[in-house]
$ cat start02.txt   # compact mmCIF, C-alpha atoms and all ligand atoms
# COMPACT_ATOMS: atom_id res chain seq x y z
CA MET A 1 -180.41 -29.24 -127.94
CA SER A 2 -180.77 -32.84 -126.89
CA GLN A 3 -183.45 -33.68 -124.38
CA PHE A 4 -182.85 -33.70 -120.61
CA LYS A 5 -182.54 -37.34 -119.52
CA TYR A 6 -183.91 -39.28 -116.54
CA LEU A 7 -181.85 -42.29 -115.45
CA LEU A 8 -182.65 -45.09 -113.01
CA ALA A 9 -179.67 -45.61 -110.69
CA PRO A 10 -177.89 -48.93 -110.25
CA LEU A 11 -179.18 -50.40 -106.97
CA GLU A 12 -177.73 -53.59 -105.57
CA ASN A 13 -180.30 -56.33 -104.91
CA THR A 14 -182.96 -53.97 -106.25
CA SER A 15 -182.55 -52.86 -109.90
CA ASP A 16 -183.12 -56.20 -111.60
CA LYS A 17 -184.91 -56.67 -114.94
CA ALA A 18 -188.39 -56.38 -113.41
CA PHE A 19 -187.68 -53.14 -111.61
CA ARG A 20 -185.83 -51.66 -114.58
CA LYS A 21 -188.76 -52.49 -116.86
CA LEU A 22 -191.22 -50.95 -114.38
CA CYS A 23 -189.24 -47.70 -114.27
CA TYR A 24 -188.85 -47.70 -118.07
CA ASN A 25 -192.61 -48.12 -118.42
CA HIS A 26 -192.95 -45.02 -116.23
CA GLY A 27 -190.58 -42.58 -117.83
CA ALA A 28 -186.99 -43.65 -117.16
CA ASP A 29 -184.98 -42.99 -120.35
CA LEU A 30 -182.14 -45.27 -119.35
CA THR A 31 -181.68 -47.86 -116.62
CA PHE A 32 -178.60 -49.44 -115.01
CA THR A 33 -177.89 -52.94 -113.79
CA GLU A 34 -176.66 -53.21 -110.25
CA MET A 35 -172.88 -53.30 -109.94
CA THR A 36 -171.28 -56.47 -111.31
CA ARG A 37 -167.66 -57.46 -110.74
CA LEU A 38 -165.83 -57.99 -113.99
CA LYS A 39 -163.62 -60.63 -112.36
CA SER A 40 -166.74 -62.69 -111.53
CA LEU A 41 -168.08 -62.29 -115.07
CA ILE A 42 -164.83 -63.57 -116.50
CA LYS A 43 -164.97 -66.57 -114.19
CA ASN A 44 -168.48 -67.23 -115.55
CA ASN A 45 -169.99 -66.87 -112.10
CA LYS A 46 -173.62 -67.82 -112.72
CA SER A 47 -175.32 -65.35 -110.39
CA THR A 48 -173.20 -62.46 -111.74
CA LEU A 49 -173.91 -63.42 -115.35
CA LYS A 50 -177.62 -63.45 -114.52
CA LYS A 51 -177.41 -59.81 -113.40
CA ILE A 52 -176.26 -58.65 -116.83
CA LYS A 53 -178.49 -60.92 -118.91
CA LEU A 54 -180.81 -58.66 -120.93
CA ILE A 55 -183.99 -60.14 -122.34
CA ASP A 56 -186.22 -57.23 -123.28
CA ASP A 57 -186.01 -53.81 -124.90
CA THR A 58 -185.59 -51.78 -121.67
CA PRO A 59 -182.66 -49.45 -122.39
CA THR A 60 -179.98 -50.75 -120.06
CA THR A 61 -176.41 -49.89 -119.21
CA ILE A 62 -174.32 -52.59 -117.58
CA GLN A 63 -172.41 -51.34 -114.57
CA LEU A 64 -169.02 -52.89 -113.91
CA LEU A 65 -166.50 -52.88 -111.13
CA VAL A 66 -163.32 -53.02 -113.13
CA SER A 67 -159.79 -53.61 -111.90
CA SER A 68 -157.61 -54.28 -114.92
CA GLU A 69 -157.26 -53.56 -118.60
CA LYS A 70 -156.58 -57.23 -119.25
CA ASP A 71 -159.92 -58.24 -117.72
CA VAL A 72 -161.73 -55.73 -119.91
CA GLU A 73 -160.10 -57.13 -123.06
CA THR A 74 -160.89 -60.71 -122.02
CA PHE A 75 -164.51 -59.85 -121.33
CA LEU A 76 -165.16 -57.76 -124.43
CA LYS A 77 -163.67 -60.34 -126.79
CA THR A 78 -166.65 -62.62 -126.19
CA PHE A 79 -169.34 -60.14 -125.07
CA LYS A 80 -172.42 -60.18 -127.31
CA PRO A 81 -174.76 -57.19 -126.91
CA LYS A 82 -178.44 -58.12 -126.59
CA LYS A 83 -181.46 -55.94 -127.37
CA GLY A 84 -181.86 -53.15 -124.87
CA PHE A 85 -178.13 -52.95 -124.27
CA LYS A 86 -176.93 -49.34 -124.39
CA GLY A 87 -173.40 -49.47 -123.08
CA PHE A 88 -171.19 -49.86 -120.05
CA ASN A 89 -170.67 -47.82 -116.92
CA ILE A 90 -167.64 -47.97 -114.66
CA ASN A 91 -168.29 -47.80 -110.93
CA LEU A 92 -165.92 -45.32 -109.26
CA GLY A 93 -168.34 -44.60 -106.45
CA CYS A 94 -168.66 -47.68 -104.30
CA PRO A 95 -167.38 -46.86 -100.78
CA SER A 96 -167.72 -50.39 -99.30
CA PRO A 97 -164.59 -51.42 -97.38
CA ASP A 98 -164.24 -54.69 -99.33
CA VAL A 99 -164.11 -52.66 -102.55
CA ILE A 100 -161.93 -49.72 -101.49
CA ASN A 101 -159.50 -51.98 -99.63
CA ILE A 102 -158.54 -53.48 -102.98
CA GLY A 103 -158.19 -50.03 -104.54
CA LEU A 104 -161.47 -50.08 -106.49
CA GLY A 105 -164.71 -48.06 -106.40
CA CYS A 106 -164.15 -44.56 -105.08
CA ALA A 107 -160.55 -45.47 -104.15
CA MET A 108 -159.75 -45.56 -107.86
CA ILE A 109 -160.74 -41.99 -108.75
CA LYS A 110 -157.15 -40.71 -108.61
CA ARG A 111 -155.79 -43.39 -110.95
CA VAL A 112 -156.50 -41.31 -114.02
CA SER A 113 -154.09 -42.94 -116.47
CA LYS A 114 -155.34 -46.44 -115.61
CA ILE A 115 -158.97 -45.39 -115.97
CA LYS A 116 -158.18 -43.70 -119.28
CA LYS A 117 -156.67 -46.92 -120.62
CA ILE A 118 -159.74 -48.86 -119.48
CA VAL A 119 -162.13 -46.36 -121.07
CA ASP A 120 -160.14 -46.50 -124.31
CA ILE A 121 -160.59 -50.28 -124.53
CA PHE A 122 -164.38 -49.91 -124.38
CA LYS A 123 -164.14 -47.25 -127.08
CA LYS A 124 -161.94 -49.47 -129.23
CA TYR A 125 -164.80 -51.99 -129.24
CA ASN A 126 -167.23 -49.13 -130.10
CA TYR A 127 -169.23 -49.37 -126.91
CA GLU A 128 -170.78 -46.39 -125.12
CA ILE A 129 -168.90 -45.90 -121.88
CA SER A 130 -169.65 -43.68 -118.89
CA ILE A 131 -168.33 -43.31 -115.36
CA LYS A 132 -170.33 -43.03 -112.13
CA LEU A 133 -168.34 -41.52 -109.32
CA ARG A 134 -168.42 -40.01 -105.89
CA LEU A 135 -166.40 -36.90 -105.02
CA GLY A 136 -163.41 -38.84 -103.71
CA MET A 137 -162.84 -41.16 -100.76
CA ASN A 138 -163.23 -38.51 -98.07
CA GLN A 139 -163.52 -34.78 -97.35
CA TYR A 140 -159.79 -34.25 -97.98
CA GLU A 141 -159.97 -35.78 -101.46
CA LYS A 142 -163.12 -33.82 -102.21
CA GLN A 143 -161.29 -30.59 -101.31
CA LYS A 144 -158.40 -31.60 -103.57
CA LYS A 145 -160.93 -32.02 -106.40
CA ALA A 146 -159.53 -35.26 -107.79
CA TYR A 147 -162.98 -35.81 -109.34
CA LEU A 148 -162.59 -32.66 -111.41
CA ASN A 149 -159.20 -33.74 -112.66
CA LEU A 150 -160.66 -37.09 -113.71
CA ILE A 151 -163.52 -35.40 -115.57
CA LYS A 152 -161.12 -33.05 -117.39
CA GLU A 153 -158.72 -35.83 -118.38
CA ILE A 154 -161.14 -38.51 -119.55
CA ASN A 155 -163.44 -38.10 -122.49
CA CYS A 156 -166.74 -39.76 -121.59
CA ASP A 157 -170.03 -38.98 -119.85
CA PHE A 158 -170.06 -38.69 -116.06
CA ILE A 159 -172.73 -39.41 -113.50
CA ILE A 160 -171.80 -37.70 -110.27
CA HIS A 161 -173.15 -38.81 -106.93
CA ALA A 162 -172.45 -35.56 -105.11
CA ARG A 163 -171.09 -37.02 -101.89
CA HIS A 164 -167.66 -38.26 -100.93
CA GLY A 165 -167.07 -41.85 -99.84
CA LYS A 166 -167.28 -41.21 -96.11
CA GLN A 167 -170.65 -39.47 -96.31
CA THR A 168 -173.83 -41.32 -95.43
CA TYR A 169 -177.26 -40.47 -96.77
CA GLU A 170 -177.89 -38.44 -93.60
CA GLU A 171 -175.72 -35.71 -95.12
CA LYS A 172 -177.10 -33.86 -98.11
CA ALA A 173 -175.69 -34.25 -101.63
CA ASP A 174 -173.66 -31.16 -102.55
CA PHE A 175 -175.20 -29.64 -105.70
CA SER A 176 -172.66 -26.80 -105.66
CA ILE A 177 -170.03 -29.00 -107.35
CA TYR A 178 -171.97 -29.43 -110.59
CA LYS A 179 -171.15 -26.01 -112.02
CA GLU A 180 -167.40 -26.64 -112.22
CA CYS A 181 -168.02 -30.13 -113.59
CA VAL A 182 -170.28 -28.77 -116.35
CA ALA A 183 -167.62 -26.13 -117.14
CA THR A 184 -165.26 -28.93 -118.26
CA GLY A 185 -167.49 -29.35 -121.33
CA ARG A 186 -168.28 -33.00 -120.54
CA LYS A 187 -171.83 -34.35 -120.37
CA ILE A 188 -172.67 -34.37 -116.67
CA PHE A 189 -175.56 -36.20 -114.98
CA ALA A 190 -176.47 -35.29 -111.41
CA ASN A 191 -177.20 -37.87 -108.72
CA GLY A 192 -178.08 -37.76 -105.03
CA ASP A 193 -181.33 -36.79 -103.23
CA ILE A 194 -183.15 -35.76 -106.42
CA THR A 195 -186.93 -35.84 -105.97
CA THR A 196 -188.48 -32.49 -107.00
CA HIS A 197 -189.30 -30.30 -110.01
CA LYS A 198 -187.52 -27.42 -108.29
CA GLN A 199 -184.26 -29.39 -108.19
CA ILE A 200 -184.68 -30.31 -111.86
CA GLU A 201 -185.09 -26.64 -112.79
CA GLU A 202 -182.02 -25.74 -110.75
CA LEU A 203 -179.94 -28.50 -112.36
CA LYS A 204 -181.10 -27.63 -115.88
CA GLU A 205 -180.05 -24.04 -115.19
CA ILE A 206 -176.56 -25.23 -114.22
CA GLY A 207 -176.33 -27.18 -117.49
CA VAL A 208 -176.35 -30.81 -116.41
CA LYS A 209 -177.71 -33.10 -119.12
CA GLY A 210 -179.91 -35.22 -116.92
CA VAL A 211 -180.48 -36.75 -113.52
CA MET A 212 -180.09 -40.21 -112.04
CA ILE A 213 -182.55 -41.29 -109.35
CA GLY A 214 -182.19 -44.20 -106.94
CA ARG A 215 -183.99 -44.42 -103.61
CA GLU A 216 -186.91 -42.20 -104.64
CA ALA A 217 -187.57 -44.56 -107.57
CA VAL A 218 -187.99 -47.42 -105.11
CA ARG A 219 -190.60 -45.42 -103.24
CA ASN A 220 -192.14 -44.18 -106.49
CA PRO A 221 -191.07 -46.04 -109.66
CA ALA A 222 -193.11 -43.46 -111.62
CA ILE A 223 -190.96 -40.55 -110.34
CA PHE A 224 -189.59 -40.20 -113.86
CA GLU A 225 -192.96 -39.42 -115.49
CA PHE A 226 -193.87 -37.28 -112.47
CA LEU A 227 -190.78 -35.13 -113.00
CA LYS A 228 -191.30 -35.09 -116.77
CA ASN A 229 -194.96 -34.16 -116.92
CA LYS A 230 -196.33 -33.92 -113.36
CA LYS A 231 -198.28 -37.17 -113.71
CA GLU A 232 -199.27 -38.31 -110.21
CA PRO A 233 -198.45 -41.95 -109.35
CA ASP A 234 -201.06 -44.63 -108.63
CA PHE A 235 -199.19 -46.76 -106.11
CA GLU A 236 -201.66 -49.66 -106.07
CA LYS A 237 -201.37 -50.05 -109.84
CA LEU A 238 -197.59 -49.72 -109.69
CA LYS A 239 -197.34 -52.43 -107.06
CA LYS A 240 -199.54 -54.76 -109.13
CA GLU A 241 -197.50 -54.09 -112.26
CA TYR A 242 -194.26 -54.75 -110.36
CA VAL A 243 -195.52 -58.05 -108.91
CA GLU A 244 -196.57 -59.19 -112.41
CA LEU A 245 -193.15 -58.27 -113.78
CA THR A 246 -191.38 -60.17 -110.99
CA ASP A 247 -193.37 -63.25 -112.01
CA THR A 248 -192.40 -62.81 -115.64
CA TYR A 249 -188.72 -62.26 -114.85
CA GLN A 250 -188.54 -64.69 -111.90
CA THR A 251 -187.15 -62.04 -109.61
CA PRO A 252 -185.48 -63.48 -106.48
CA ASP A 253 -187.16 -62.71 -103.15
CA VAL A 254 -184.34 -60.50 -101.92
CA TYR A 255 -185.14 -57.97 -104.67
CA LYS A 256 -188.89 -58.08 -104.03
CA ASN A 257 -188.31 -57.65 -100.30
CA ASN A 258 -186.28 -54.51 -100.97
CA ILE A 259 -189.04 -52.97 -103.06
CA ILE A 260 -192.54 -54.08 -102.10
CA PRO A 261 -192.50 -52.79 -98.49
CA ARG A 262 -191.09 -49.43 -99.66
CA LEU A 263 -193.23 -48.83 -102.74
CA GLY A 264 -195.69 -46.03 -102.05
CA LYS A 265 -194.37 -45.42 -98.51
CA GLU A 266 -192.74 -42.26 -97.24
CA ALA A 267 -188.98 -42.55 -97.68
CA ASP A 268 -187.36 -44.61 -94.97
CA ARG A 269 -183.69 -43.89 -94.71
CA TYR A 270 -181.64 -46.70 -96.12
CA ARG A 271 -179.00 -47.33 -93.49
CA VAL A 272 -176.55 -48.64 -96.03
CA ASN A 273 -173.90 -46.42 -97.57
CA GLN A 274 -173.47 -47.46 -101.16
CA GLY A 275 -172.33 -46.24 -104.61
C1 LIG B 1 -179.68 -50.18 -101.77
C2 LIG B 1 -178.70 -49.42 -102.62
C3 LIG B 1 -177.90 -50.10 -103.53
C4 LIG B 1 -176.99 -49.41 -104.35
N1 LIG B 1 -176.24 -50.10 -105.27
C5 LIG B 1 -175.41 -49.42 -106.10
C6 LIG B 1 -174.69 -50.09 -107.13
O1 LIG B 1 -174.77 -51.31 -107.31
N2 LIG B 1 -173.87 -49.32 -107.92
C7 LIG B 1 -173.77 -47.96 -107.77
O2 LIG B 1 -173.03 -47.31 -108.52
N3 LIG B 1 -174.45 -47.32 -106.82
C8 LIG B 1 -175.28 -48.00 -106.00
N4 LIG B 1 -176.01 -47.31 -105.07
C9 LIG B 1 -175.96 -45.83 -105.06
C10 LIG B 1 -177.08 -45.27 -105.95
O3 LIG B 1 -176.90 -45.66 -107.30
C11 LIG B 1 -177.11 -43.72 -105.89
O4 LIG B 1 -175.86 -43.23 -106.33
C12 LIG B 1 -177.39 -43.20 -104.49
O5 LIG B 1 -178.43 -43.92 -103.86
C13 LIG B 1 -177.77 -41.71 -104.51
O6 LIG B 1 -178.90 -41.49 -105.30
P1 LIG B 1 -180.36 -41.32 -104.65
O7 LIG B 1 -180.29 -40.23 -103.62
O8 LIG B 1 -181.25 -40.94 -105.81
O9 LIG B 1 -180.74 -42.62 -104.03
C14 LIG B 1 -176.90 -48.00 -104.23
C15 LIG B 1 -177.69 -47.32 -103.31
C16 LIG B 1 -178.60 -48.01 -102.51
C17 LIG B 1 -179.46 -47.25 -101.56

$ encode --input "start02.txt" --output "structure tokens"
Amino acid sequence: MSQFKYLLAPLENTSDKAFRKLCYNHGADLTFTEMTRLKSLIKNNKSTLKKIKLIDDTPTTIQLLVSSEKDVETFLKTFKPKKGFKGFNINLGCPSPDVINIGLGCAMIKRVSKIKKIVDIFKKYNYEISIKLRLGMNQYEKQKKAYLNLIKEINCDFIIHARHGKQTYEEKADFSIYKECVATGRKIFANGDITTHKQIEELKEIGVKGVMIGREAVRNPAIFEFLKNKKEPDFEKLKKEYVELTDTYQTPDVYKNNIIPRLGKEADRYRVNQG
């Protein structure tokens, strides 16, 4: 049986090269770039291209906000994988109004045949492809289980943030949905509020293949090795290592400001409602 995996979540203005490397050094098996818009990549937007530029061996998946098959073809024709690159992930979880108002992010979950075509293009080019999703746009869509239909119909790995698009982080992620998702036979990764060994045991029991961790990794970038082998974090050392990495990778201040004040501190509640 393949090993249970620990994934660093895509985090806008946070999960840059330096932070991904830090988490990889401390047990993350796979990391994700923050969401990048495929349309901006195609237009050669410099700051977007910078987000997906890989320059070390940290295993990294590039997360994309994708709107059309044509864009995917255009992009993949010239894409050159660099070391560390492990594949692509499609964002079907973003609940931001500017994304859902144009039918993307979690508003796209019901468009199964379009998503299938998009996934097939990545496969045609022999790239690993996965989907990160929420449980629909709202409670109604969650009840209708559009997410389950998507998982049944599309053959790839799924990372499921167990909230619907209207839920904030104040409401708990709903672990009860994982069982039916695992029953589809797909590889399922759990995401949302994961911080403890007890949760890992529970999720292993259900049959998920791994977990993705976001906010807790900002507080403790060594959460991955803690969950793997109970190694306690040394926050002072972690902070020093992070600062050194940000120098090496020339991390912009906005990223540092999202991490340094939080590292080692009790979780503050991010007020944003993302991914
Ligand atoms: C500051 C911030 C930025 C985020 N950016 C993204 C993103 O770019 N793409 C994405 O799919 N999810 C994004 N998310 C959602 C996370 O990847 C994750 O699904 C969510 O935080 C739940 O996991 P957690 O409880 O372990 O934090 C973001 C979340 C936060 C708090």

$ atom_distance --input "start02.txt" --atom1 "CA of Glu232 (chain A)" --atom2 "CA of Leu263 (chain A)"
14.2 Å

$ axis_aligned_box --input "start02.txt" --around "ligand LIG 1 (chain B)" --padding-each-side "5 Å" --output "JSON"
{"center_x": -177.1, "center_y": -45.8, "center_z": -105.0, "size_x": 18.2, "size_y": 21.1, "size_z": 17.0}

$ atom_distance --input "start02.txt" --atom1 "CA of Tyr169 (chain A)" --atom2 "atom C1 of ligand LIG 1 (chain B)"
11.2 Å

$ residues_near_ligand --input "start02.txt" --ligand "ligand LIG 1 (chain B)" --cutoff "8 Å" --atoms "all atoms listed in the file" --output "MDAnalysis selection string"
chainID A and resid 9:14 33:36 63 91:94 132:133 160:161 169 173 191:195 212:217 258 270 272:275

$ atom_distance --input "start02.txt" --atom1 "CA of Tyr249 (chain A)" --atom2 "CA of Lys77 (chain A)"
27.8 Å

$ closest_residue --input "start02.txt" --among "A:Lys80, A:Lys239, A:Lys231, A:Arg262" --to "Tyr127 (chain A)" --atoms "all atoms listed in the file"
A:Lys80

$ residues_around --input "start02.txt" --residues "Ala28 (chain A)" --least-positions-apart "2" --cutoff "12 Å" --atoms "all atoms listed in the file" --output "MDAnalysis selection string"
chainID A and resid 4:9 19:26 30:32 58:60 210:214 217 220:228

$ residues_around --input "start02.txt" --residues "Ala183 (chain A)" --least-positions-apart "2" --cutoff "12 Å" --atoms "all atoms listed in the file" --output "ChimeraX atom specification"
/A:148,151-152,177-181,185-188,206-208

$ closest_residue --input "start02.txt" --among "A:His164, A:His197, A:Lys209, A:Lys39" --to "Ala107 (chain A)" --atoms "all atoms listed in the file"
A:His164

$ residues_around --input "start02.txt" --residues "Glu141 (chain A)" --least-positions-apart "3" --cutoff "10 Å" --atoms "all atoms listed in the file" --output "JSON, numbers by chain"
{"A": [109, 110, 135, 136, 137, 138, 144, 145, 146, 147, 164, 165]}

$ write_last_selection --input "start02.txt" --atoms "C-alpha atoms" --output "short mmCIF file (atom, residue, chain, number, x, y, z; two decimals), in the coordinates of the input"
data_model
loop_
_atom_site.label_atom_id
_atom_site.label_comp_id
_atom_site.auth_asym_id
_atom_site.auth_seq_id
_atom_site.Cartn_x
_atom_site.Cartn_y
_atom_site.Cartn_z
CA ILE A 109 -160.74 -41.99 -108.75
CA LYS A 110 -157.15 -40.71 -108.61
CA LEU A 135 -166.40 -36.90 -105.02
CA GLY A 136 -163.41 -38.84 -103.71
CA MET A 137 -162.84 -41.16 -100.76
CA ASN A 138 -163.23 -38.51 -98.07
CA LYS A 144 -158.40 -31.60 -103.57
CA LYS A 145 -160.93 -32.02 -106.40
CA ALA A 146 -159.53 -35.26 -107.79
CA TYR A 147 -162.98 -35.81 -109.34
CA HIS A 164 -167.66 -38.26 -100.93
CA GLY A 165 -167.07 -41.85 -99.84
#

$ closest_residue --input "start02.txt" --among "A:Leu49, A:Phe122, A:Ser67, A:Phe175" --to "Gly105 (chain A)" --atoms "only C-alpha atoms"
A:Ser67

$ closest_residue --input "start02.txt" --among "A:Gly103, A:Phe189, A:Lys43, A:Asn229" --to "Ile131 (chain A)" --atoms "only C-alpha atoms"
A:Phe189
